[in-house]
file protein.tsv (TSV, C-alpha atoms)
chain	number	residue	atom	x	y	z
A	2	MET	CA	94.64	85.22	115.63
A	3	HIS	CA	96.34	84.23	118.89
A	4	THR	CA	99.59	83.48	117.12
A	5	LYS	CA	101.66	82.13	120.02
A	6	GLU	CA	98.82	79.88	121.13
A	7	VAL	CA	98.32	78.59	117.59
A	8	ILE	CA	102.01	77.73	117.37
A	9	ASP	CA	101.88	75.87	120.68
A	10	TYR	CA	98.73	74.06	119.61
A	11	ILE	CA	100.22	72.83	116.31
A	12	VAL	CA	103.48	71.77	117.96
A	13	ASP	CA	101.60	69.82	120.65
A	14	TRP	CA	99.29	68.28	118.03
A	15	MET	CA	102.21	67.19	115.90
A	16	GLY	CA	104.03	65.67	118.86
A	17	TYR	CA	100.96	63.74	119.99
A	18	TYR	CA	100.35	62.42	116.47
A	19	LEU	CA	103.95	61.26	116.10
A	20	ARG	CA	103.96	59.49	119.44
A	21	GLU	CA	100.69	57.73	118.63
A	22	SER	CA	102.00	56.70	115.20
A	23	GLY	CA	104.97	54.83	116.63
A	24	MET	CA	107.29	56.59	114.19
A	25	LYS	CA	110.55	58.26	115.22
A	26	GLY	CA	110.65	61.69	113.60
A	27	TRP	CA	109.95	63.93	110.64
A	28	VAL	CA	111.22	64.44	107.11
A	29	MET	CA	110.22	67.26	104.77
A	30	GLY	CA	111.43	69.37	101.91
A	31	VAL	CA	112.36	73.02	102.22
A	32	SER	CA	112.12	75.25	99.17
A	33	GLY	CA	113.08	78.68	100.40
A	34	GLY	CA	109.40	79.60	100.63
A	35	ILE	CA	107.32	80.75	103.57
A	36	ASP	CA	105.21	77.61	104.03
A	37	SER	CA	108.06	75.12	104.25
A	38	ALA	CA	110.03	77.51	106.48
A	39	VAL	CA	107.16	77.78	108.95
A	40	VAL	CA	106.30	74.09	108.94
A	41	SER	CA	109.90	72.95	109.37
A	42	THR	CA	110.27	75.31	112.33
A	43	LEU	CA	107.09	73.92	113.90
A	44	ALA	CA	108.38	70.38	113.36
A	45	ALA	CA	111.71	71.30	114.93
A	46	LYS	CA	109.93	72.72	117.96
A	47	THR	CA	108.38	69.30	118.70
A	48	GLY	CA	111.82	68.13	119.81
A	49	PHE	CA	111.70	65.00	117.67
A	50	PRO	CA	114.36	64.36	115.00
A	51	LEU	CA	113.77	66.40	111.86
A	52	LEU	CA	115.47	65.76	108.52
A	53	VAL	CA	115.05	68.66	106.10
A	54	LEU	CA	115.86	68.10	102.45
A	55	GLU	CA	116.76	70.71	99.87
A	56	MET	CA	115.99	69.09	96.50
A	57	PRO	CA	116.89	71.37	93.57
A	58	ILE	CA	115.79	70.56	90.03
A	59	HIS	CA	117.14	73.29	87.73
A	60	GLN	CA	116.36	75.61	90.64
A	61	ALA	CA	116.78	79.38	90.59
A	62	GLU	CA	119.81	80.46	92.59
A	63	ASP	CA	117.85	82.69	94.96
A	64	GLN	CA	115.52	79.81	95.88
A	65	VAL	CA	118.46	77.52	96.63
A	66	THR	CA	120.15	80.22	98.70
A	67	ARG	CA	117.04	80.85	100.80
A	68	ALA	CA	116.52	77.12	101.36
A	69	LYS	CA	120.12	76.60	102.48
A	70	ASP	CA	120.01	79.72	104.67
A	71	HIS	CA	116.89	78.41	106.36
A	72	ILE	CA	118.41	74.96	106.94
A	73	ASN	CA	121.43	76.61	108.56
A	74	TRP	CA	119.10	78.78	110.66
A	75	LEU	CA	117.23	75.68	111.82
A	76	LYS	CA	120.43	73.83	112.69
A	77	ASN	CA	121.73	76.83	114.64
A	78	ASN	CA	118.51	77.06	116.65
A	79	PHE	CA	117.54	73.39	117.12
A	80	ASP	CA	119.79	70.48	118.04
A	81	ASN	CA	117.32	67.92	116.60
A	82	VAL	CA	117.61	69.15	112.98
A	83	THR	CA	119.67	67.52	110.24
A	84	GLY	CA	119.95	69.05	106.77
A	85	LEU	CA	120.66	67.30	103.52
A	86	SER	CA	120.90	68.46	99.89
A	87	VAL	CA	119.77	65.98	97.25
A	88	ASN	CA	120.20	67.36	93.75
A	89	LEU	CA	117.53	65.76	91.56
A	90	THR	CA	118.38	67.65	88.36
A	91	GLU	CA	120.17	64.72	86.71
A	92	THR	CA	117.37	62.33	87.72
A	93	PHE	CA	114.76	64.68	86.26
A	94	ASP	CA	116.73	65.09	83.04
A	95	SER	CA	117.15	61.31	82.70
A	96	LEU	CA	113.40	60.78	83.10
A	97	SER	CA	112.66	63.56	80.61
A	98	ASN	CA	114.92	61.89	78.07
A	99	ALA	CA	113.41	58.46	78.76
A	100	VAL	CA	109.85	59.62	78.04
A	101	ASN	CA	110.87	61.54	74.91
A	102	VAL	CA	109.57	64.93	75.98
A	103	ASP	CA	107.64	66.71	73.24
A	104	ASN	CA	108.08	70.43	73.79
A	105	SER	CA	105.58	71.20	71.01
A	106	ASP	CA	102.77	69.74	73.15
A	107	SER	CA	101.01	72.43	75.19
A	108	ASN	CA	100.56	70.00	78.09
A	109	THR	CA	104.26	69.19	78.40
A	110	GLY	CA	105.22	72.11	80.63
A	111	LEU	CA	102.65	71.33	83.32
A	112	ALA	CA	103.36	67.61	83.14
A	113	LEU	CA	107.07	68.24	83.71
A	114	ALA	CA	106.35	70.67	86.56
A	115	ASN	CA	104.25	68.03	88.28
A	116	THR	CA	106.96	65.45	87.63
A	117	ARG	CA	109.40	67.57	89.62
A	118	ALA	CA	107.05	67.54	92.60
A	119	ARG	CA	106.56	63.78	92.33
A	120	LEU	CA	110.28	63.10	92.21
A	121	ARG	CA	110.64	65.09	95.43
A	122	MET	CA	107.80	63.14	97.04
A	123	THR	CA	109.50	59.86	96.12
A	124	THR	CA	112.76	61.10	97.62
A	125	LEU	CA	111.07	62.16	100.85
A	126	TYR	CA	109.40	58.77	101.26
A	127	TYR	CA	112.72	57.01	100.68
A	128	TYR	CA	114.24	58.85	103.62
A	129	ALA	CA	111.05	58.41	105.61
A	130	GLY	CA	111.21	54.67	105.03
A	131	ILE	CA	114.81	54.14	106.07
A	132	ASN	CA	114.45	56.32	109.20
A	133	LYS	CA	110.87	55.47	110.26
A	134	TYR	CA	109.90	59.12	109.85
A	135	LEU	CA	106.64	60.78	108.80
A	136	VAL	CA	106.55	63.04	105.73
A	137	VAL	CA	105.36	66.51	106.70
A	138	GLY	CA	103.21	68.52	104.29
A	139	THR	CA	103.52	72.26	103.74
A	140	GLY	CA	100.20	73.11	102.08
A	141	ASN	CA	98.04	75.89	103.47
A	142	LYS	CA	94.25	76.11	103.45
A	143	VAL	CA	93.88	78.22	100.31
A	144	GLU	CA	96.16	75.96	98.29
A	145	ASP	CA	94.93	72.61	99.60
A	146	PHE	CA	91.19	73.25	99.95
A	147	GLY	CA	90.53	76.37	97.91
A	148	VAL	CA	92.26	76.38	94.54
A	149	GLY	CA	94.07	73.03	94.62
A	150	PHE	CA	97.46	74.62	93.99
A	151	PHE	CA	99.47	71.48	94.62
A	152	THR	CA	100.53	68.37	92.73
A	153	LYS	CA	98.51	65.22	93.26
A	154	TYR	CA	100.91	62.56	94.58
A	155	GLY	CA	103.60	65.24	94.62
A	156	ASP	CA	103.63	67.86	97.36
A	157	GLY	CA	100.11	66.61	98.11
A	158	GLY	CA	101.53	63.20	99.03
A	159	VAL	CA	102.22	63.57	102.76
A	160	ASP	CA	101.47	61.95	106.12
A	161	ILE	CA	100.52	65.02	108.13
A	162	SER	CA	99.43	68.58	107.32
A	163	PRO	CA	100.25	71.06	110.11
A	164	ILE	CA	99.10	74.29	108.39
A	165	GLY	CA	96.25	72.91	106.28
A	166	ASP	CA	93.75	74.92	108.33
A	167	LEU	CA	95.67	78.19	108.08
A	168	LEU	CA	95.24	80.84	105.40
A	169	LYS	CA	98.34	82.20	103.71
A	170	SER	CA	98.09	85.47	105.65
A	171	GLU	CA	97.99	83.47	108.88
A	172	VAL	CA	101.09	81.55	107.83
A	173	TYR	CA	102.86	84.90	107.49
A	174	GLU	CA	101.76	85.79	111.03
A	175	LEU	CA	103.35	82.58	112.29
A	176	ALA	CA	106.51	83.30	110.32
A	177	LYS	CA	106.86	86.69	111.97
A	178	GLU	CA	106.32	85.23	115.43
A	179	LEU	CA	108.81	82.41	114.72
A	180	ASP	CA	111.37	84.96	113.48
A	181	ILE	CA	111.81	83.25	110.12
A	182	ILE	CA	114.67	84.88	108.19
A	183	GLU	CA	113.64	88.10	106.46
A	184	SER	CA	114.52	87.04	102.91
A	185	ILE	CA	111.94	84.25	103.12
A	186	GLN	CA	109.26	86.45	104.68
A	187	THR	CA	109.59	89.00	101.88
A	188	ALA	CA	110.07	86.63	98.91
A	189	LYS	CA	107.25	86.40	96.37
A	190	PRO	CA	105.51	83.01	96.71
A	191	THR	CA	106.46	80.55	93.96
A	192	ASP	CA	106.17	76.80	93.57
A	193	GLY	CA	109.61	76.68	91.93
A	194	LEU	CA	108.51	74.04	89.42
A	195	TRP	CA	109.29	75.97	86.23
A	196	ASN	CA	112.42	77.06	84.43
A	197	ASP	CA	111.56	80.72	84.83
A	198	ASP	CA	110.72	83.22	87.55
A	199	ARG	CA	106.92	82.91	87.47
A	200	THR	CA	105.23	83.43	90.82
A	201	ASP	CA	102.14	81.80	92.30
A	202	GLU	CA	100.21	84.95	91.46
A	203	ASP	CA	101.33	84.71	87.83
A	204	GLN	CA	99.94	81.20	87.63
A	205	LEU	CA	96.74	81.78	89.59
A	206	GLY	CA	95.86	85.21	88.25
A	207	ALA	CA	95.12	86.55	91.74
A	208	THR	CA	96.95	87.34	94.96
A	209	TYR	CA	96.57	85.16	98.05
A	210	ASP	CA	94.72	88.00	99.79
A	211	GLU	CA	92.22	88.07	96.93
A	212	LEU	CA	91.85	84.29	96.98
A	213	GLU	CA	91.30	84.31	100.74
A	214	TRP	CA	88.45	86.77	100.21
A	215	ALA	CA	86.98	84.57	97.46
A	216	MET	CA	87.24	81.49	99.66
A	217	SER	CA	85.26	83.28	102.36
A	218	VAL	CA	82.33	84.09	100.02
A	219	TYR	CA	82.23	81.52	97.21
A	220	GLN	CA	79.68	79.23	98.90
A	221	ASP	CA	77.20	82.06	99.45
A	222	TYR	CA	77.67	84.29	96.42
A	223	ASP	CA	77.96	84.06	92.64
A	224	PRO	CA	80.44	86.16	90.65
A	225	GLU	CA	77.48	88.07	89.20
A	226	ASP	CA	76.77	89.41	92.70
A	227	PHE	CA	79.94	91.52	92.38
A	228	GLN	CA	81.48	93.88	89.88
A	229	GLY	CA	84.97	94.66	88.65
A	230	ARG	CA	87.95	92.94	90.23
A	231	LYS	CA	85.90	91.08	92.84
A	232	GLN	CA	83.80	89.46	90.14
A	233	GLU	CA	86.96	88.51	88.23
A	234	VAL	CA	88.66	87.03	91.30
A	235	LEU	CA	85.63	84.98	92.29
A	236	LYS	CA	85.45	83.57	88.76
A	237	ILE	CA	89.13	82.63	89.01
A	238	PHE	CA	88.60	80.98	92.38
A	239	ASN	CA	85.52	79.05	91.22
A	240	LYS	CA	87.35	77.79	88.14
A	241	PHE	CA	90.24	76.41	90.16
A	242	ASN	CA	87.99	75.08	92.90
A	243	ARG	CA	85.89	73.06	90.45
A	244	ALA	CA	88.98	71.69	88.75
A	245	MET	CA	90.64	70.62	92.01
A	246	GLN	CA	87.88	68.40	93.39
A	247	HIS	CA	89.59	65.23	92.15
A	248	LYS	CA	92.57	66.12	94.34
A	249	ILE	CA	90.67	66.23	97.63
A	250	ASN	CA	87.85	63.74	97.04
A	251	PRO	CA	88.40	60.01	97.57
A	252	ILE	CA	89.53	58.01	94.55
A	253	PRO	CA	86.42	56.77	92.70
A	254	VAL	CA	85.80	53.08	93.29
A	255	ALA	CA	83.58	50.98	91.03
A	256	GLU	CA	81.22	49.44	93.58
A	257	ILE	CA	80.02	46.18	92.05
A	258	PRO	CA	76.35	45.31	92.75
A	259	ASP	CA	75.93	42.27	94.99
A	260	ASN	CA	73.90	40.41	92.36
A	261	LEU	CA	76.85	40.62	89.97
A	262	LYS	CA	79.32	39.33	92.53
A	263	SER	CA	77.23	36.46	93.88
A	264	LYS	CA	77.60	33.04	92.33

call {"tool": "encode", "arguments": {"input": "protein.tsv", "output": "structure tokens"}}
result
Amino acid sequence: MHTKEVIDYIVDWMGYYLRESGMKGWVMGVSGGIDSAVVSTLAAKTGFPLLVLEMPIHQAEDQVTRAKDHINWLKNNFDNVTGLSVNLTETFDSLSNAVNVDNSDSNTGLALANTRARLRMTTLYYYAGINKYLVVGTGNKVEDFGVGFFTKYGDGGVDISPIGDLLKSEVYELAKELDIIESIQTAKPTDGLWNDDRTDEDQLGATYDELEWAMSVYQDYDPEDFQGRKQEVLKIFNKFNRAMQHKINPIPVAEIPDNLKSK
């Protein structure tokens, strides 16, 4: 990949889109992970105002530290960046109490994880609304179009997706070129939506490198065409890919026949 040229292309594309939209700048969340670090740096490089939010909800200390370190790094390198911490823990706890969370239900954990992402989306759009900013997404190609590893109307609720056509490995290439702080480049990917230290790999059952391979072959091969780990990974990918179609396909609309609508 021509990394420098890709960076320039995305920055130019983002700037053109913002100018055409009539909006004034960007707002996005930073988590201490590689995707948000790269995307926020690309947004900063456009020269337009960028508001980066750190939005902890019972967050692990190392994630908060990396997020704050990155915000400081951005502010030291770009004059157009403003950082803000919005602690949503109390809001999340209040909502959990209001809906009478049933911890005995096996679906509760995932529902609460997705609720965290949706609270953050709501917060981002509040700041977008009062500033006339666009909400910037941080999803990469494997997550957004391969295994659907994002929350519908959560981190999937954005206005623009700068790295949606880049594989995770390519995001790491951009991070190296952009000189993202080392602690973020070496941290294990995690969505940070749980009250433990589970990683993306723990949840998906495969590494991003393995999923990138599966994404490159799944349309042409069946799992039975492989053996061992490759067969297992392709089965994992296919399972997630089938389950995620509702996230990327348009919302189903009941199209009423003309003869039923006519008087």

call {"tool": "closest_residue", "arguments": {"input": "protein.tsv", "among": "A:Met15, A:Leu167, A:Ala99, A:Val218", "to": "A:Ala44", "atoms": "only C-alpha atoms"}}
result
A:Met15

call {"tool": "closest_residue", "arguments": {"input": "protein.tsv", "among": "A:Met245, A:Val7, A:Leu113, A:Leu52", "to": "A:Leu85", "atoms": "only C-alpha atoms"}}
result
A:Leu52

call {"tool": "atom_distance", "arguments": {"input": "protein.tsv", "atom1": "atom CA of A:Leu120", "atom2": "atom CA of A:Gly33"}}
result
17.8 Å

call {"tool": "closest_atom_pairs", "arguments": {"input": "protein.tsv", "of": "stretch 120-147 of chain A", "to": "stretch 229-240 of chain A", "cutoff": "12 Å", "atoms": "all atoms listed in the file", "output": "JSON lines"}}
result
{"residue": "A:Val143", "atom": "CA", "partner": "A:Phe238", "partner_atom": "CA", "distance": 9.9}
{"residue": "A:Glu144", "atom": "CA", "partner": "A:Phe238", "partner_atom": "CA", "distance": 10.8}
{"residue": "A:Phe146", "atom": "CA", "partner": "A:Phe238", "partner_atom": "CA", "distance": 11.1}
{"residue": "A:Gly147", "atom": "CA", "partner": "A:Phe238", "partner_atom": "CA", "distance": 7.5}

call {"tool": "write_last_selection", "arguments": {"input": "protein.tsv", "atoms": "C-alpha atoms", "output": "PDB file, keeping the file's coordinate frame"}}
result
ATOM      1  CA  VAL A 143      93.880  78.220 100.310  1.00  0.00           C
ATOM      2  CA  GLU A 144      96.160  75.960  98.290  1.00  0.00           C
ATOM      3  CA  PHE A 146      91.190  73.250  99.950  1.00  0.00           C
ATOM      4  CA  GLY A 147      90.530  76.370  97.910  1.00  0.00           C
TER       5      GLY A 147
END

call {"tool": "atom_distance", "arguments": {"input": "protein.tsv", "atom1": "atom CA of A:Ile72", "atom2": "atom CA of A:Gly84"}}
result
6.1 Å

call {"tool": "residues_around", "arguments": {"input": "protein.tsv", "residues": "A:Val159", "least_positions_apart": "2", "cutoff": "10 Å", "atoms": "all atoms listed in the file", "output": "PyMOL selection string"}}
result
chain A and resi 29+122+125-126+135-140+154-157+161-162

call {"tool": "closest_residue", "arguments": {"input": "protein.tsv", "among": "A:Tyr222, A:Tyr127, A:Phe241, A:Phe79", "to": "A:Val28", "atoms": "only C-alpha atoms"}}
result
A:Tyr127

call {"tool": "atom_distance", "arguments": {"input": "protein.tsv", "atom1": "atom CA of A:Glu62", "atom2": "atom CA of A:Glu202"}}
result
20.1 Å

call {"tool": "residues_around", "arguments": {"input": "protein.tsv", "residues": "A:Asn196", "least_positions_apart": "6", "cutoff": "12 Å", "atoms": "all atoms listed in the file", "output": "JSON, numbers by chain"}}
result
{"A": [57, 58, 59, 60, 61, 62, 90, 110, 111, 113, 114, 117]}
